[in-house]
Structure formats: C-alpha cells, structure tokens
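Next comes protein13.pdb, a file with PDB, C-alpha atoms and all ligand atoms.
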ATOM      1  CA  MET A 358      91.271 -37.663 -83.482  1.00  0.00           C
ATOM      2  CA  GLU A 359      91.660 -38.178 -87.248  1.00  0.00           C
ATOM      3  CA  ALA A 360      88.759 -39.727 -89.158  1.00  0.00           C
ATOM      4  CA  PRO A 361      89.342 -43.217 -90.591  1.00  0.00           C
ATOM      5  CA  ARG A 362      90.268 -43.311 -94.264  1.00  0.00           C
ATOM      6  CA  ARG A 363      89.181 -45.598 -97.049  1.00  0.00           C
ATOM      7  CA  LEU A 364      90.596 -46.297-100.479  1.00  0.00           C
ATOM      8  CA  ARG A 365      88.913 -45.030-103.581  1.00  0.00           C
ATOM      9  CA  ALA A 366      89.879 -45.938-107.156  1.00  0.00           C
ATOM     10  CA  VAL A 367      90.282 -43.254-109.797  1.00  0.00           C
ATOM     11  CA  VAL A 368      90.495 -44.051-113.526  1.00  0.00           C
ATOM     12  CA  ASP A 369      92.489 -41.830-115.860  1.00  0.00           C
ATOM     13  CA  ARG A 370      90.078 -41.894-118.757  1.00  0.00           C
ATOM     14  CA  GLU A 371      92.698 -40.551-121.147  1.00  0.00           C
ATOM     15  CA  GLU A 372      94.728 -43.729-120.552  1.00  0.00           C
ATOM     16  CA  CYS A 373      91.877 -46.241-120.398  1.00  0.00           C
ATOM     17  CA  PHE A 374      91.494 -48.435-123.474  1.00  0.00           C
ATOM     18  CA  GLY A 375      88.440 -50.295-122.207  1.00  0.00           C
ATOM     19  CA  PHE A 376      90.019 -53.728-121.823  1.00  0.00           C
ATOM     20  CA  ALA A 377      87.734 -54.282-118.808  1.00  0.00           C
ATOM     21  CA  ASN A 378      90.219 -56.207-116.676  1.00  0.00           C
ATOM     22  CA  CYS A 379      89.182 -53.952-113.832  1.00  0.00           C
ATOM     23  CA  VAL A 380      85.506 -54.767-114.367  1.00  0.00           C
ATOM     24  CA  ALA A 381      86.305 -58.475-114.233  1.00  0.00           C
ATOM     25  CA  THR A 382      88.283 -57.993-111.013  1.00  0.00           C
ATOM     26  CA  LEU A 383      85.865 -55.743-109.168  1.00  0.00           C
ATOM     27  CA  PRO A 384      82.502 -55.264-110.912  1.00  0.00           C
ATOM     28  CA  SER A 385      80.992 -53.563-107.878  1.00  0.00           C
ATOM     29  CA  VAL A 386      83.391 -50.647-108.437  1.00  0.00           C
ATOM     30  CA  PHE A 387      84.348 -50.547-112.121  1.00  0.00           C
ATOM     31  CA  VAL A 388      81.836 -50.133-114.910  1.00  0.00           C
ATOM     32  CA  LEU A 389      82.275 -49.348-118.584  1.00  0.00           C
ATOM     33  CA  ASP A 390      80.410 -46.247-119.675  1.00  0.00           C
ATOM     34  CA  ASP A 391      78.484 -45.720-122.906  1.00  0.00           C
ATOM     35  CA  GLU A 392      81.756 -45.128-124.763  1.00  0.00           C
ATOM     36  CA  GLY A 393      83.436 -48.259-123.408  1.00  0.00           C
ATOM     37  CA  PHE A 394      85.770 -46.564-120.948  1.00  0.00           C
ATOM     38  CA  SER A 395      86.060 -47.536-117.319  1.00  0.00           C
ATOM     39  CA  HIS A 396      84.581 -45.492-114.524  1.00  0.00           C
ATOM     40  CA  ALA A 397      85.239 -46.187-110.833  1.00  0.00           C
ATOM     41  CA  ARG A 398      82.171 -45.869-108.664  1.00  0.00           C
ATOM     42  CA  ASP A 399      82.686 -44.279-105.262  1.00  0.00           C
ATOM     43  CA  VAL A 400      81.703 -47.284-103.171  1.00  0.00           C
ATOM     44  CA  ASP A 401      83.424 -49.220-100.415  1.00  0.00           C
ATOM     45  CA  ALA A 402      85.490 -52.144-101.694  1.00  0.00           C
ATOM     46  CA  ASP A 403      87.995 -54.739-100.545  1.00  0.00           C
ATOM     47  CA  PRO A 404      91.403 -52.979-100.567  1.00  0.00           C
ATOM     48  CA  ALA A 405      93.118 -56.163-101.800  1.00  0.00           C
ATOM     49  CA  LEU A 406      90.824 -56.283-104.842  1.00  0.00           C
ATOM     50  CA  LEU A 407      91.391 -52.585-105.513  1.00  0.00           C
ATOM     51  CA  GLU A 408      95.137 -53.241-105.517  1.00  0.00           C
ATOM     52  CA  GLU A 409      94.569 -56.223-107.830  1.00  0.00           C
ATOM     53  CA  ALA A 410      92.649 -53.995-110.245  1.00  0.00           C
ATOM     54  CA  VAL A 411      95.489 -51.474-110.243  1.00  0.00           C
ATOM     55  CA  GLU A 412      98.042 -54.204-110.939  1.00  0.00           C
ATOM     56  CA  GLY A 413      95.877 -55.781-113.632  1.00  0.00           C
ATOM     57  CA  CYS A 414      95.367 -52.658-115.720  1.00  0.00           C
ATOM     58  CA  PRO A 415      97.599 -52.900-118.810  1.00  0.00           C
ATOM     59  CA  ARG A 416      97.441 -49.121-119.240  1.00  0.00           C
ATOM     60  CA  ASN A 417      98.292 -48.197-115.638  1.00  0.00           C
ATOM     61  CA  ALA A 418      95.153 -46.091-115.758  1.00  0.00           C
ATOM     62  CA  ILE A 419      93.963 -46.793-112.224  1.00  0.00           C
ATOM     63  CA  SER A 420      95.226 -45.070-109.114  1.00  0.00           C
ATOM     64  CA  LEU A 421      94.084 -45.252-105.522  1.00  0.00           C
ATOM     65  CA  GLU A 422      93.505 -42.333-103.234  1.00  0.00           C
ATOM     66  CA  ARG A 423      92.694 -42.198 -99.574  1.00  0.00           C
ATOM     67  CA  ARG A 424      89.625 -40.342 -98.480  1.00  0.00           C
ATOM     68  CA  SER A 425      88.179 -39.760 -95.069  1.00  0.00           C
ATOM     69  CA  ALA A 426      85.479 -42.317 -94.400  1.00  0.00           C
ATOM     70  CA  ASP A 427      82.816 -39.656 -93.999  1.00  0.00           C
ATOM     71  CA  ALA A 428      83.604 -37.884 -97.303  1.00  0.00           C
ATOM     72  CA  VAL A 429      80.779 -38.288 -99.809  1.00  0.00           C
ATOM     73  CA  SER A 430      81.371 -37.180-103.386  1.00  0.00           C
ATOM     74  CA  PRO A 431      78.596 -35.538-105.438  1.00  0.00           C
ATOM     75  CA  GLU A 432      78.701 -38.617-107.670  1.00  0.00           C
ATOM     76  CA  ARG A 433      78.150 -40.928-104.714  1.00  0.00           C
ATOM     77  CA  ARG A 434      75.173 -38.868-103.655  1.00  0.00           C
ATOM     78  CA  SER A 435      73.559 -39.076-107.085  1.00  0.00           C
ATOM     79  CA  GLY A 436      74.886 -42.496-108.162  1.00  0.00           C
ATOM     80  CA  ALA A 437      75.646 -40.993-111.572  1.00  0.00           C
ATOM     81  CA  ALA A 438      78.453 -42.104-113.885  1.00  0.00           C
ATOM     82  CA  PRO A 439      79.976 -39.844-116.521  1.00  0.00           C
ATOM     83  CA  SER A 440      78.813 -40.568-120.054  1.00  0.00           C
ATOM     84  CA  SER A 441      81.794 -39.153-121.940  1.00  0.00           C
ATOM     85  CA  ARG A 442      85.463 -38.313-121.584  1.00  0.00           C
ATOM     86  CA  PRO A 443      86.238 -34.978-119.954  1.00  0.00           C
TER      87      PRO A 443
HETATM   88  S1  LIG Z 501      91.750 -52.419-116.949  1.00  0.00           S
HETATM   89 FE1  LIG Z 501      92.555 -50.320-117.295  1.00  0.00          FE
HETATM   90  S2  LIG Z 501      92.414 -50.003-119.499  1.00  0.00           S
HETATM   91 FE2  LIG Z 501      91.097 -51.739-118.971  1.00  0.00          FE
HETATM   92  S3  LIG Z 501      89.040 -50.853-118.671  1.00  0.00           S
HETATM   93 FE3  LIG Z 501      90.046 -50.954-116.673  1.00  0.00          FE
HETATM   94  S4  LIG Z 501      91.020 -48.934-116.426  1.00  0.00           S
HETATM   95 FE4  LIG Z 501      90.547 -49.173-118.603  1.00  0.00          FE
END
Take the structure I supplied and represent it as structure tokens, if you would.
Amino acid sequence: MEAPRRLRAVVDREECFGFANCVATLPSVFVLDDEGFSHARDVDADPALLEEAVEGCPRNAISLERRSADAVSPERRSGAAPSSRP
C-alpha cells in the first residue's frame, strides 16, 4: 500500500522579490530570510492556503510538490532556514 502524500511548498529564490504575499497568506510556512527572500518551511499546512499562496505570488515563484507523509527533510529535522540565495 502506498504511503499517504502531503503537499509541500517550494520557493524559487531566483524569482522571489520579497513582496511577502505568501507570508501574509500562510505565516506558519513562509518566512522571509535575512536577505528578504521567502523560504518555505517544511511543515504541514492547509492545502487550500498553500494553493492560495501559489496564486497570490506575483512572481510565480512558489510551486507545490507532493511528498510521502513520512518523508522528513534535513531542514525539517534541524528547523534551519537558509540565510542566503543558493
Ligand atoms: S509572494 Fe512570491 S515574490 Fe513575494 S515573498 Fe512570497 S514567494 Fe517571494
């Protein structure tokens, strides 16, 4: 039997301009880093609000990916957010 999947937001930091619409929509997921660019935390969130954040980004910088519910990223383990663009 296949494991249940959950949605996770991913921000293309090359496209992000830091308008923070996503932060206003879903502050439990999106945070602005030290440089003012959005970062999506790997936490569970309301799928409808994730979709709203995608639609509300003027730069189309947010995408959603499906992950198995038991997948835990290294970032989620540490709770760390990147401090600069890649
Ligand atoms: S709404 Fe889009 S451009 Fe604005 S901070 Fe979020 S990801 Fe970046």
Can you turn the PyMOL selection byres (((not hetatm)) within 9 of (chain Z and resi 501)) into a concrete residue list for this file, as a VMD selection string? chain A and resid 367 to 370 372 to 382 387 to 389 393 to 397 410 to 419
Check the smallest atom-to-atom distance from each of A:Arg423, A:Arg362, A:Glu371, A:Leu383 to A:Leu407 using all atoms listed in the file, then report the winner.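 The closest residue to A:Leu407 is A:Leu383.
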Tell me, in Å to one decimal, how far atom CA of A:Pro384 is from atom CA of A:Arg363. 18.2 Å
For a quick check of your reading of the model, name the residues lying within 10 Å of the coordinate (93.6, -39.5, -104.0), counting all atoms listed in the file, and write them as an mmCIF file with C-alpha atoms, in the frame of the given file.
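Saved file out33.cif follows:
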data_model
loop_
_atom_site.group_PDB
_atom_site.id
_atom_site.type_symbol
_atom_site.label_atom_id
_atom_site.label_comp_id
_atom_site.auth_asym_id
_atom_site.auth_seq_id
_atom_site.Cartn_x
_atom_site.Cartn_y
_atom_site.Cartn_z
ATOM 1 C CA LEU A 364 90.596 -46.297 -100.479
ATOM 2 C CA ARG A 365 88.913 -45.030 -103.581
ATOM 3 C CA ALA A 366 89.879 -45.938 -107.156
ATOM 4 C CA VAL A 367 90.282 -43.254 -109.797
ATOM 5 C CA SER A 420 95.226 -45.070 -109.114
ATOM 6 C CA LEU A 421 94.084 -45.252 -105.522
ATOM 7 C CA GLU A 422 93.505 -42.333 -103.234
ATOM 8 C CA ARG A 423 92.694 -42.198 -99.574
ATOM 9 C CA ARG A 424 89.625 -40.342 -98.480
#
